[in-house]
Amino acid sequence: MFTLAKASIRHHRGGFAGVFVAVFLCAALITAMGVLIESGLRGGIAPQRFQGADVVVGAQQSHPVVEDMDAPFSERVLLPADAVAQIAAVPGVDDAVGTVEIPLATADGESLSAAGWESAALAPYALSSGDAPLRDKDVAVDESFGAEPGSRLVLSHGGVPAEYTVTGIVSPGVSPEAGTEAGPAGPAVFLSSEGAAALWPHGDAVATVGVVAGPDVRPEQLSADIESRVAGVVGYTGDRRGDVENLGGSAARSMLLLFSGSLAGVALMTAVFVTAGTLSLSILGRRREFAMLRAVGAGPNQTLGLVVREVLLVSGAAAVLGAAPGFLLAGFLGSQFAAAGVIPEGFRLAFSPLPALAAVIISIAAAVGASLVAARSTVRTAPTTALRESVTEKTQLGRGRVITGLVLLGSGLVAALVPVALPGTAGLAAAASSILLLVIGAGVLGPWLVAAVLKLLQPLVRRSTSASLILAEANATAFPRRLASGIIPLALAIALGSVQFFMPTTVAAEADRQSRDGVVAGYLVS
């Protein structure tokens with residue numbers, strides 16, 4: 001059977017070219033979305049200022065939401081003053097260092113984050129020349145400032161400039177976990193403990209606590225012990241330390257899961273519809289061939305098995321080849337998300353073979369499933385009926401198919417009107433789901449809708465003196481199913497894409513209008 005399938009593919013290479021392209025693009029899209037979904041679970045920003053800490057302890061940075069993703073806080077939640085002592089008392093902790101974040105700006109307007117000198121060891125940084133900062137206006141900086149010990153440096157806090165004395169130059173040390181030189185994210189500035197306390201407005205509270213584990217202590221176990229012994233804290237180990245260092249990383253992962261999950265669903269549905277339409281068009285064009293096979297003794301299951309093997313060969317090759325460009329597409333989408341501010345700069349995507357494997361399996365399964373649906377009625381038709389319908393097709397659909405399509409279209413229209421009676425998020429969710437119901441309903445009733453439109457246009461077309469137009473109308477009327485197989489997938493892809501593109505702008509425009517209408521004051525002072 002596979003030999004016959006290969007010969008049939010070579011003979012009908014034009015028809016299978018469309019299937020190959022559809023599955024190729026389907027595999028690429030699913031691979032790209034799979035990489036983004038995996039990045040939402042495992043990706044993020046690698047730790048930089050806390051590379052020397054085995055565990056970084058922070059406060060709860062999200063609000064738990066029942067049956068949904070936790071809502072992350074955009075601002076840092078601080079730890080109480082006694083948190084450092086409580087964490088240091090946990091067995092297995094060799095050292096615990098409370099850290100603060102002081103926003104400063106250089107004379108050129110470049111923003112940077114300063115910390116107390118005691119947290120320099122967590123980066124890890126070490127003095128390459130000079131001394132540690134001790135007084136209120138002392139500072140230690142890295143080599144990017146081009147300063148020397150004893151030179152002066154102007155830094156602004158809250159828009160107020162102040163002159164600092166550079167007492168030492170620091171350089172990245174060796175990361176204890178990787179054994180390689182640590183790579184800082186940006187300019188490093190360390191104030192003295194006295195200077196950091198003068199600019200830190202939260203008293204004895206700290207932003208985070210960097211923990212150095214004792215010998216032979218696993219960071220994961222130590223993190224669990226700290227969370228169980230100290231109330232209201234969360235421990236981060238490994239790459240998760242970047243989440244507490246850069247708060248944008250955790251929020252970006254949640255947003256990435258939402259975006260990529262939504263796009264993956266739309267991409268999969270579009271690919272399935274396009275693949276099914278392409279296969280249906282190819283199979284309908286081969287009705288005479290299948291009728292002849294039935295006439296010479298081939299059974300329905302044998303004919304259906306031939307179609308499935310053809311699709312399996314074509315879709316398998318297309319899916320394997322399409323998975324590789326999916327990784328490139330994921331990198332491109334990641335850079336676009338970063339440029340749009342959805343994820344922060346430096347967010348690291350997670351690449352593994354799992355998205356490609358899932359894409360190959362899903363793409364092949366979708367193509368084979370579409371071939372079964374498209375070929376089932378064709379190969380089971382009696383040979384004489386199939387020969388007759390290869391000349392002209394019937395426009396009638398089965399009663400079950402018509403009822404299913406009408407119910408889906410009706411449900412989609414009702415869901416689209418829900419926001420009129422139910423405002424808010426619930427109404428918006430119902431309106432968003434309406435497109436899926438309408439799209440599937442239109443796909444089920446595709447031949448019927450095409451035949452109805454042709455019947456409406458028939459009086460206008462027949463008044464034309466163009467022979468080409470009249471012949472095109474006659475051919476379309478004789479083969480409405482083939483025409484629907486070509487039109488419906490394109491229409492559905494455009495509809496789904498339009499919803500994805502225009503729904504956010506519509507919601508944003510309406511939110512802006514409601515915001516303006518809600519301001520009833522005569523003057524607005526900002």
# chains A, B, ... in the order shown; residues from 1 in each chain; ligands from 1

$ select_by_dssp --residues "range 240-425 of chain A" --states "helix (DSSP H, G or I)" --output "ChimeraX atom specification"
/A:240-245,247-284,287-295,300-340,353-380,383-389,399-416,418-421,425

$ residues_around --residues "Ala324 in chain A" --least-positions-apart "3" --cutoff "9 Å" --atoms "only C-alpha atoms" --output "CSV table (one decimal) with N, CA, C and O atoms, in the first residue's frame"
chain,number,residue,atom,x,y,z
A,27,ALA,N,3.4,23.1,11.3
A,27,ALA,CA,4.4,22.6,12.2
A,27,ALA,C,5.3,23.7,12.7
A,27,ALA,O,5.7,23.8,13.9
A,28,ALA,N,5.6,24.7,11.8
A,28,ALA,CA,6.5,25.8,12.2
A,28,ALA,C,5.8,26.7,13.2
A,28,ALA,O,6.4,27.1,14.2
A,31,THR,N,5.5,24.8,16.6
A,31,THR,CA,6.9,24.8,17.3
A,31,THR,C,7.2,26.1,17.9
A,31,THR,O,7.7,26.2,19.1
A,320,VAL,N,8.3,17.4,9.8
A,320,VAL,CA,9.7,17.3,10.2
A,320,VAL,C,10.5,18.5,9.7
A,320,VAL,O,11.3,19.1,10.4
A,321,LEU,N,10.3,18.8,8.4
A,321,LEU,CA,11.0,20.0,7.8
A,321,LEU,C,10.5,21.3,8.4
A,321,LEU,O,11.3,22.3,8.5
A,327,PHE,N,11.8,27.1,15.4
A,327,PHE,CA,12.7,27.7,16.4
A,327,PHE,C,13.2,29.1,16.0
A,327,PHE,O,13.3,30.0,16.9
A,328,LEU,N,13.5,29.3,14.7
A,328,LEU,CA,13.8,30.6,14.3
A,328,LEU,C,12.7,31.6,14.4
A,328,LEU,O,12.9,32.7,14.8
A,356,ALA,N,9.2,20.8,19.2
A,356,ALA,CA,9.3,20.3,17.8
A,356,ALA,C,8.6,18.9,17.8
A,356,ALA,O,7.9,18.6,16.8

$ select_by_dssp --residues "range 227-267 of chain A" --states "strand (DSSP E or B)" --output "list in words"
Val233, Val234, Gly235 and Tyr236 of chain A

$ write_last_selection --atoms "all heavy atoms" --output "PDB file, in the first residue's frame"
ATOM      1  N   VAL A 233       7.683  34.451  53.389  1.00  0.00           N
ATOM      2  CA  VAL A 233       8.816  34.601  52.479  1.00  0.00           C
ATOM      3  C   VAL A 233       8.742  33.512  51.412  1.00  0.00           C
ATOM      4  O   VAL A 233       8.109  32.472  51.591  1.00  0.00           O
ATOM      5  CB  VAL A 233      10.173  34.521  53.213  1.00  0.00           C
ATOM      6  CG1 VAL A 233      10.266  35.607  54.278  1.00  0.00           C
ATOM      7  CG2 VAL A 233      10.380  33.144  53.830  1.00  0.00           C
ATOM      8  N   VAL A 234       9.418  33.776  50.297  1.00  0.00           N
ATOM      9  CA  VAL A 234       9.504  32.836  49.187  1.00  0.00           C
ATOM     10  C   VAL A 234      10.973  32.695  48.825  1.00  0.00           C
ATOM     11  O   VAL A 234      11.680  33.698  48.663  1.00  0.00           O
ATOM     12  CB  VAL A 234       8.695  33.323  47.965  1.00  0.00           C
ATOM     13  CG1 VAL A 234       8.822  32.330  46.811  1.00  0.00           C
ATOM     14  CG2 VAL A 234       7.239  33.519  48.334  1.00  0.00           C
ATOM     15  N   GLY A 235      11.447  31.454  48.698  1.00  0.00           N
ATOM     16  CA  GLY A 235      12.831  31.198  48.334  1.00  0.00           C
ATOM     17  C   GLY A 235      12.976  30.917  46.847  1.00  0.00           C
ATOM     18  O   GLY A 235      12.128  30.238  46.245  1.00  0.00           O
ATOM     19  N   TYR A 236      14.022  31.425  46.244  1.00  0.00           N
ATOM     20  CA  TYR A 236      14.293  31.245  44.817  1.00  0.00           C
ATOM     21  C   TYR A 236      15.676  30.645  44.662  1.00  0.00           C
ATOM     22  O   TYR A 236      16.641  31.115  45.279  1.00  0.00           O
ATOM     23  CB  TYR A 236      14.231  32.583  44.066  1.00  0.00           C
ATOM     24  CG  TYR A 236      12.902  33.292  44.174  1.00  0.00           C
ATOM     25  CD1 TYR A 236      12.604  34.089  45.280  1.00  0.00           C
ATOM     26  CD2 TYR A 236      11.948  33.176  43.164  1.00  0.00           C
ATOM     27  CE1 TYR A 236      11.385  34.748  45.373  1.00  0.00           C
ATOM     28  CE2 TYR A 236      10.732  33.828  43.254  1.00  0.00           C
ATOM     29  CZ  TYR A 236      10.463  34.608  44.363  1.00  0.00           C
ATOM     30  OH  TYR A 236       9.256  35.261  44.450  1.00  0.00           O
TER      31      TYR A 236
END

$ closest_residue --among "A:Gly305, A:Pro489, A:Gly116, A:Pro80" --to "Asp204 in chain A" --atoms "only C-alpha atoms"
A:Pro80

$ decode --residues "range 139-154 of chain A" --atoms "all heavy atoms" --output "mmCIF file, in the first residue's frame"
data_model
loop_
_atom_site.group_PDB
_atom_site.id
_atom_site.type_symbol
_atom_site.label_atom_id
_atom_site.label_comp_id
_atom_site.auth_asym_id
_atom_site.auth_seq_id
_atom_site.Cartn_x
_atom_site.Cartn_y
_atom_site.Cartn_z
ATOM 1 N N VAL A 139 31.945 55.631 47.380
ATOM 2 C CA VAL A 139 31.295 54.744 46.428
ATOM 3 C C VAL A 139 32.362 53.877 45.759
ATOM 4 O O VAL A 139 33.494 54.322 45.545
ATOM 5 C CB VAL A 139 30.497 55.538 45.374
ATOM 6 C CG1 VAL A 139 31.417 56.382 44.499
ATOM 7 C CG2 VAL A 139 29.644 54.628 44.516
ATOM 8 N N ALA A 140 31.980 52.644 45.454
ATOM 9 C CA ALA A 140 32.828 51.753 44.667
ATOM 10 C C ALA A 140 32.087 51.428 43.369
ATOM 11 O O ALA A 140 30.880 51.118 43.392
ATOM 12 C CB ALA A 140 33.133 50.470 45.436
ATOM 13 N N VAL A 141 32.773 51.529 42.245
ATOM 14 C CA VAL A 141 32.127 51.341 40.938
ATOM 15 C C VAL A 141 32.946 50.349 40.114
ATOM 16 O O VAL A 141 34.095 50.031 40.456
ATOM 17 C CB VAL A 141 32.002 52.685 40.186
ATOM 18 C CG1 VAL A 141 31.110 53.652 40.944
ATOM 19 C CG2 VAL A 141 33.377 53.296 39.924
ATOM 20 N N ASP A 142 32.341 49.873 39.034
ATOM 21 C CA ASP A 142 33.074 48.956 38.168
ATOM 22 C C ASP A 142 33.850 49.748 37.115
ATOM 23 O O ASP A 142 33.809 50.981 37.064
ATOM 24 C CB ASP A 142 32.142 47.928 37.533
ATOM 25 C CG ASP A 142 31.130 48.568 36.592
ATOM 26 O OD1 ASP A 142 31.214 49.784 36.347
ATOM 27 O OD2 ASP A 142 30.237 47.847 36.097
ATOM 28 N N GLU A 143 34.551 49.037 36.248
ATOM 29 C CA GLU A 143 35.453 49.672 35.294
ATOM 30 C C GLU A 143 34.726 50.433 34.185
ATOM 31 O O GLU A 143 35.352 51.211 33.468
ATOM 32 C CB GLU A 143 36.367 48.603 34.679
ATOM 33 C CG GLU A 143 37.252 47.909 35.709
ATOM 34 C CD GLU A 143 38.022 46.742 35.111
ATOM 35 O OE1 GLU A 143 37.736 46.411 33.934
ATOM 36 O OE2 GLU A 143 38.877 46.169 35.808
ATOM 37 N N SER A 144 33.415 50.216 34.029
ATOM 38 C CA SER A 144 32.690 50.887 32.948
ATOM 39 C C SER A 144 32.605 52.393 33.160
ATOM 40 O O SER A 144 32.370 53.143 32.206
ATOM 41 C CB SER A 144 31.273 50.309 32.827
ATOM 42 O OG SER A 144 30.509 50.581 33.990
ATOM 43 N N PHE A 145 32.813 52.877 34.403
ATOM 44 C CA PHE A 145 32.754 54.314 34.661
ATOM 45 C C PHE A 145 34.049 55.018 34.258
ATOM 46 O O PHE A 145 34.080 56.244 34.164
ATOM 47 C CB PHE A 145 32.479 54.574 36.146
ATOM 48 C CG PHE A 145 31.067 54.276 36.559
ATOM 49 C CD1 PHE A 145 30.689 53.004 36.935
ATOM 50 C CD2 PHE A 145 30.102 55.270 36.567
ATOM 51 C CE1 PHE A 145 29.395 52.716 37.315
ATOM 52 C CE2 PHE A 145 28.795 55.001 36.943
ATOM 53 C CZ PHE A 145 28.433 53.717 37.315
ATOM 54 N N GLY A 146 35.116 54.273 34.034
ATOM 55 C CA GLY A 146 36.395 54.883 33.674
ATOM 56 C C GLY A 146 36.990 55.723 34.778
ATOM 57 O O GLY A 146 37.745 56.664 34.505
ATOM 58 N N ALA A 147 36.629 55.431 36.030
ATOM 59 C CA ALA A 147 37.112 56.217 37.163
ATOM 60 C C ALA A 147 38.306 55.514 37.813
ATOM 61 O O ALA A 147 38.582 54.335 37.568
ATOM 62 C CB ALA A 147 36.000 56.413 38.184
ATOM 63 N N GLU A 148 39.011 56.252 38.658
ATOM 64 C CA GLU A 148 40.136 55.739 39.418
ATOM 65 C C GLU A 148 39.905 56.023 40.900
ATOM 66 O O GLU A 148 39.170 56.963 41.246
ATOM 67 C CB GLU A 148 41.450 56.391 38.974
ATOM 68 C CG GLU A 148 41.841 56.104 37.532
ATOM 69 C CD GLU A 148 42.212 54.643 37.312
ATOM 70 O OE1 GLU A 148 42.584 53.981 38.306
ATOM 71 O OE2 GLU A 148 42.117 54.172 36.162
ATOM 72 N N PRO A 149 40.482 55.223 41.799
ATOM 73 C CA PRO A 149 40.349 55.529 43.226
ATOM 74 C C PRO A 149 40.815 56.947 43.539
ATOM 75 O O PRO A 149 41.885 57.374 43.097
ATOM 76 C CB PRO A 149 41.248 54.481 43.895
ATOM 77 C CG PRO A 149 41.262 53.333 42.927
ATOM 78 C CD PRO A 149 41.216 53.965 41.562
ATOM 79 N N GLY A 150 39.972 57.665 44.268
ATOM 80 C CA GLY A 150 40.265 59.050 44.608
ATOM 81 C C GLY A 150 39.584 60.061 43.714
ATOM 82 O O GLY A 150 39.532 61.254 44.048
ATOM 83 N N SER A 151 39.057 59.631 42.573
ATOM 84 C CA SER A 151 38.369 60.565 41.676
ATOM 85 C C SER A 151 36.979 60.865 42.202
ATOM 86 O O SER A 151 36.464 60.217 43.108
ATOM 87 C CB SER A 151 38.303 59.988 40.263
ATOM 88 O OG SER A 151 37.571 58.776 40.245
ATOM 89 N N ARG A 152 36.334 61.888 41.566
ATOM 90 C CA ARG A 152 35.008 62.327 41.983
ATOM 91 C C ARG A 152 33.974 61.873 40.952
ATOM 92 O O ARG A 152 34.246 61.831 39.754
ATOM 93 C CB ARG A 152 34.970 63.843 42.123
ATOM 94 C CG ARG A 152 35.920 64.383 43.176
ATOM 95 C CD ARG A 152 35.360 64.144 44.572
ATOM 96 N NE ARG A 152 36.218 64.739 45.595
ATOM 97 C CZ ARG A 152 35.891 64.815 46.881
ATOM 98 N NH1 ARG A 152 34.734 64.319 47.273
ATOM 99 N NH2 ARG A 152 36.716 65.351 47.755
ATOM 100 N N LEU A 153 32.764 61.587 41.457
ATOM 101 C CA LEU A 153 31.696 61.118 40.587
ATOM 102 C C LEU A 153 30.392 61.741 41.059
ATOM 103 O O LEU A 153 30.066 61.712 42.255
ATOM 104 C CB LEU A 153 31.604 59.581 40.649
ATOM 105 C CG LEU A 153 30.639 58.901 39.690
ATOM 106 C CD1 LEU A 153 31.079 59.108 38.239
ATOM 107 C CD2 LEU A 153 30.554 57.404 39.999
ATOM 108 N N VAL A 154 29.651 62.341 40.111
ATOM 109 C CA VAL A 154 28.370 62.980 40.433
ATOM 110 C C VAL A 154 27.247 62.001 40.132
ATOM 111 O O VAL A 154 27.092 61.532 39.003
ATOM 112 C CB VAL A 154 28.179 64.286 39.627
ATOM 113 C CG1 VAL A 154 26.800 64.877 39.910
ATOM 114 C CG2 VAL A 154 29.270 65.284 39.985
#
